[in-house]
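All remarks here apply to the structure that follows.
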Amino acid sequence: MLNTQKYICKNCGQEHDVWPALAYSSPTFYNDLSDTDKESIAELDSDFCVIEHPDQTDRFIRCSLT
Ligand SMILES: [Zn+2]
């Protein structure tokens, strides 16, 4: 059965009829931090996230599943 559903893309505003790529703007490890920790031990931009714990540094790279 052919999937004919369409959607309006949040990024470009255009209508697409193919399954969108799956991606998140931040890793769950960042989301689980308190607001204080997000500001004091973490850095987040559109592609990278770094969380500096006392005993280790966690690094994340944004990717998408197509
Ligand atoms: Zn788009």
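We name chains A, B, ... following the order of the structure tokens; residues begin at 1 in each chain, and ligands are numbered from 1 as shown.
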To test your reading of the structure, identify every residue in chain A that backbone DSSP assigns to alpha helix (DSSP H), and report it as JSON, numbers by chain.
{"A": [28, 29, 30, 31, 35, 36, 37, 38, 39, 40]}
Sort by chain and increasing residue number a table of all residues of chain A within 6 Å of ligand 1, each with its closest pair of atoms and their distance in Å to one decimal, counting only C-alpha atoms and all ligand atoms, and write it as a tab-separated table.
residue	atom	partner	partner_atom_place_in_ligand_line	distance
A:Cys9	CA	ligand 1	1 (Zn)	4.6
A:Asn11	CA	ligand 1	1 (Zn)	5.4
A:Cys12	CA	ligand 1	1 (Zn)	4.3
A:Gln14	CA	ligand 1	1 (Zn)	5.6
Test item: residues at most 10 Å from stretch 41-56 of chain A, only C-alpha atoms, excluding those fewer than 3 positions along its chain, as a PyMOL selection string:
chain A and resi 24-27+29-30+33+36-38+59-63
With all heavy atoms retained, write the just-selected residues as a compact mmCIF listing (two decimals), in the first residue's frame.
# COMPACT_ATOMS: atom_id res chain seq x y z
N TYR A 24 16.86 15.02 16.53
CA TYR A 24 16.52 15.76 17.74
C TYR A 24 17.48 16.92 17.90
O TYR A 24 18.63 16.85 17.48
CB TYR A 24 16.59 14.83 18.96
CG TYR A 24 15.60 13.70 18.90
CD1 TYR A 24 15.93 12.48 18.31
CD2 TYR A 24 14.31 13.87 19.39
CE1 TYR A 24 15.01 11.45 18.23
CE2 TYR A 24 13.39 12.84 19.31
CZ TYR A 24 13.73 11.64 18.73
OH TYR A 24 12.82 10.63 18.65
N SER A 25 17.03 17.97 18.54
CA SER A 25 17.87 19.16 18.70
C SER A 25 18.86 19.04 19.85
O SER A 25 19.81 19.81 19.93
CB SER A 25 17.00 20.40 18.89
OG SER A 25 16.17 20.23 20.03
N SER A 26 18.64 18.05 20.75
CA SER A 26 19.58 17.85 21.86
C SER A 26 19.48 16.41 22.34
O SER A 26 18.43 15.78 22.23
CB SER A 26 19.27 18.80 23.01
OG SER A 26 17.94 18.64 23.44
N PRO A 27 20.60 15.87 22.87
CA PRO A 27 20.57 14.50 23.39
C PRO A 27 19.79 14.42 24.69
O PRO A 27 19.72 15.40 25.44
CB PRO A 27 22.04 14.15 23.59
CG PRO A 27 22.74 15.44 23.74
CD PRO A 27 21.94 16.45 22.96
N PHE A 29 20.57 13.07 27.39
CA PHE A 29 21.45 13.32 28.54
C PHE A 29 21.50 14.82 28.86
O PHE A 29 21.60 15.21 30.01
CB PHE A 29 22.85 12.78 28.27
CG PHE A 29 22.85 11.29 28.05
CD1 PHE A 29 22.90 10.78 26.77
CD2 PHE A 29 22.77 10.41 29.11
CE1 PHE A 29 22.87 9.41 26.55
CE2 PHE A 29 22.74 9.04 28.90
CZ PHE A 29 22.79 8.53 27.62
N TYR A 30 21.42 15.66 27.84
CA TYR A 30 21.35 17.11 28.05
C TYR A 30 19.98 17.50 28.60
O TYR A 30 19.87 18.28 29.54
CB TYR A 30 21.63 17.85 26.74
CG TYR A 30 21.52 19.35 26.85
CD1 TYR A 30 22.60 20.11 27.27
CD2 TYR A 30 20.32 20.00 26.52
CE1 TYR A 30 22.49 21.49 27.38
CE2 TYR A 30 20.20 21.37 26.62
CZ TYR A 30 21.29 22.11 27.05
OH TYR A 30 21.17 23.48 27.16
N LEU A 33 19.42 17.18 32.35
CA LEU A 33 20.16 18.06 33.28
C LEU A 33 19.23 19.13 33.86
O LEU A 33 18.26 19.53 33.21
CB LEU A 33 21.32 18.75 32.56
CG LEU A 33 22.46 17.88 32.06
CD1 LEU A 33 23.43 18.73 31.23
CD2 LEU A 33 23.17 17.19 33.20
N THR A 36 20.39 24.69 35.93
CA THR A 36 21.69 25.15 36.42
C THR A 36 22.82 24.38 35.76
O THR A 36 23.81 24.98 35.30
CB THR A 36 21.77 24.98 37.95
OG1 THR A 36 20.71 25.73 38.55
CG2 THR A 36 23.11 25.47 38.48
N ASP A 37 22.69 23.05 35.71
CA ASP A 37 23.73 22.24 35.07
C ASP A 37 23.83 22.53 33.57
O ASP A 37 24.93 22.52 33.01
CB ASP A 37 23.47 20.75 35.30
CG ASP A 37 23.87 20.30 36.69
OD1 ASP A 37 24.54 21.09 37.40
OD2 ASP A 37 23.51 19.18 37.07
N LYS A 38 22.71 22.78 32.93
CA LYS A 38 22.76 23.11 31.49
C LYS A 38 23.64 24.34 31.25
O LYS A 38 24.34 24.42 30.27
CB LYS A 38 21.35 23.34 30.94
CG LYS A 38 20.56 22.07 30.75
CD LYS A 38 19.16 22.36 30.26
CE LYS A 38 18.36 21.07 30.13
NZ LYS A 38 16.94 21.30 29.84
N ARG A 59 30.56 13.72 24.87
CA ARG A 59 30.43 14.52 23.65
C ARG A 59 29.43 13.86 22.71
O ARG A 59 29.43 12.64 22.55
CB ARG A 59 31.80 14.62 22.95
CG ARG A 59 32.82 15.41 23.75
CD ARG A 59 34.16 15.45 23.04
NE ARG A 59 35.08 16.34 23.72
CZ ARG A 59 35.83 15.97 24.75
NH1 ARG A 59 35.78 14.73 25.19
NH2 ARG A 59 36.63 16.84 25.33
N PHE A 60 28.58 14.68 22.10
CA PHE A 60 27.53 14.18 21.21
C PHE A 60 27.57 14.96 19.89
O PHE A 60 27.86 16.15 19.88
CB PHE A 60 26.15 14.37 21.84
CG PHE A 60 26.02 13.74 23.20
CD1 PHE A 60 26.33 14.47 24.34
CD2 PHE A 60 25.60 12.44 23.34
CE1 PHE A 60 26.22 13.89 25.61
CE2 PHE A 60 25.48 11.85 24.59
CZ PHE A 60 25.80 12.58 25.73
N ILE A 61 27.30 14.26 18.80
CA ILE A 61 27.22 14.87 17.47
C ILE A 61 25.81 14.60 16.93
O ILE A 61 25.34 13.47 16.95
CB ILE A 61 28.26 14.28 16.50
CG1 ILE A 61 29.66 14.50 17.05
CG2 ILE A 61 28.10 14.90 15.12
CD1 ILE A 61 30.74 13.78 16.25
N ARG A 62 25.16 15.67 16.45
CA ARG A 62 23.81 15.52 15.92
C ARG A 62 23.86 14.74 14.60
O ARG A 62 24.74 14.97 13.76
CB ARG A 62 23.17 16.89 15.67
CG ARG A 62 21.74 16.83 15.22
CD ARG A 62 21.16 18.25 15.16
NE ARG A 62 19.75 18.23 14.90
CZ ARG A 62 19.22 18.46 13.70
NH1 ARG A 62 19.98 18.75 12.67
NH2 ARG A 62 17.91 18.43 13.53
N CYS A 63 22.92 13.84 14.43
CA CYS A 63 22.80 13.11 13.17
C CYS A 63 21.32 12.95 12.87
O CYS A 63 20.47 13.28 13.69
CB CYS A 63 23.50 11.76 13.23
SG CYS A 63 22.79 10.63 14.41
Who sits within 8 Å of A:Leu22, only C-alpha atoms, same chain under 6 positions skipped, as a PDB file with N, CA, C and O atoms, in the first residue's frame:
ATOM      1  N   SER A  64      21.008  12.488  11.686  1.00  0.00           N
ATOM      2  CA  SER A  64      19.613  12.244  11.351  1.00  0.00           C
ATOM      3  C   SER A  64      19.477  10.862  10.741  1.00  0.00           C
ATOM      4  O   SER A  64      20.411  10.357  10.117  1.00  0.00           O
ATOM      5  N   LEU A  65      18.328  10.251  10.938  1.00  0.00           N
ATOM      6  CA  LEU A  65      18.016   8.951  10.366  1.00  0.00           C
ATOM      7  C   LEU A  65      17.099   9.173   9.176  1.00  0.00           C
ATOM      8  O   LEU A  65      16.007   9.682   9.336  1.00  0.00           O
ATOM      9  N   THR A  66      17.573   8.827   8.002  1.00  0.00           N
ATOM     10  CA  THR A  66      16.743   9.014   6.814  1.00  0.00           C
ATOM     11  C   THR A  66      16.078   7.719   6.427  1.00  0.00           C
ATOM     12  O   THR A  66      16.498   6.661   6.810  1.00  0.00           O
TER      13      THR A  66
END
Based on DSSP run over this structure's backbone, return all residues of stretch 7-66 of chain A in strand (DSSP E), as a VMD selection string.
chain A and resid 7 to 8 15 to 16 42 to 44 48 to 52 57 to 61
Shell around A:Tyr7 at 10 Å using only C-alpha atoms, local window under 2 positions removed, as a list of chain:residue names:
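The filter keeps A:Gln5, A:Cys9, A:Lys10, A:Gly13, A:Gln14, A:Glu15, A:His16, A:Asp17, A:Val18, A:Trp19, A:Pro20.
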Serialized selection, N, CA, C and O atoms, as an mmCIF file, in the first residue's frame:
data_model
loop_
_atom_site.group_PDB
_atom_site.id
_atom_site.type_symbol
_atom_site.label_atom_id
_atom_site.label_comp_id
_atom_site.auth_asym_id
_atom_site.auth_seq_id
_atom_site.Cartn_x
_atom_site.Cartn_y
_atom_site.Cartn_z
ATOM 1 N N GLN A 5 0.365 10.279 2.488
ATOM 2 C CA GLN A 5 0.244 11.392 3.419
ATOM 3 C C GLN A 5 1.312 12.432 3.121
ATOM 4 O O GLN A 5 2.445 12.107 2.778
ATOM 5 N N CYS A 9 6.785 20.846 6.263
ATOM 6 C CA CYS A 9 8.084 20.742 6.911
ATOM 7 C C CYS A 9 8.316 21.913 7.854
ATOM 8 O O CYS A 9 8.143 23.074 7.474
ATOM 9 N N LYS A 10 8.707 21.597 9.089
ATOM 10 C CA LYS A 10 8.968 22.626 10.092
ATOM 11 C C LYS A 10 10.207 23.456 9.729
ATOM 12 O O LYS A 10 10.299 24.624 10.066
ATOM 13 N N GLY A 13 9.210 24.908 5.526
ATOM 14 C CA GLY A 13 7.873 25.418 5.278
ATOM 15 C C GLY A 13 7.203 24.838 4.049
ATOM 16 O O GLY A 13 6.064 25.186 3.729
ATOM 17 N N GLN A 14 7.894 23.946 3.318
ATOM 18 C CA GLN A 14 7.337 23.350 2.101
ATOM 19 C C GLN A 14 6.548 22.082 2.451
ATOM 20 O O GLN A 14 6.750 21.475 3.491
ATOM 21 N N GLU A 15 5.660 21.694 1.524
ATOM 22 C CA GLU A 15 4.934 20.453 1.692
ATOM 23 C C GLU A 15 5.761 19.313 1.104
ATOM 24 O O GLU A 15 6.262 19.417 -0.016
ATOM 25 N N HIS A 16 5.948 18.244 1.874
ATOM 26 C CA HIS A 16 6.693 17.075 1.406
ATOM 27 C C HIS A 16 5.792 15.853 1.448
ATOM 28 O O HIS A 16 4.883 15.773 2.261
ATOM 29 N N ASP A 17 6.073 14.879 0.579
ATOM 30 C CA ASP A 17 5.292 13.655 0.593
ATOM 31 C C ASP A 17 6.158 12.416 0.840
ATOM 32 O O ASP A 17 5.718 11.301 0.645
ATOM 33 N N VAL A 18 7.405 12.636 1.269
ATOM 34 C CA VAL A 18 8.271 11.517 1.642
ATOM 35 C C VAL A 18 8.473 11.553 3.152
ATOM 36 O O VAL A 18 8.319 12.591 3.787
ATOM 37 N N TRP A 19 8.789 10.404 3.717
ATOM 38 C CA TRP A 19 8.989 10.301 5.154
ATOM 39 C C TRP A 19 10.126 11.234 5.579
ATOM 40 O O TRP A 19 11.194 11.214 4.975
ATOM 41 N N PRO A 20 9.920 12.041 6.597
ATOM 42 C CA PRO A 20 10.975 12.973 7.009
ATOM 43 C C PRO A 20 12.128 12.264 7.708
ATOM 44 O O PRO A 20 11.952 11.190 8.280
#
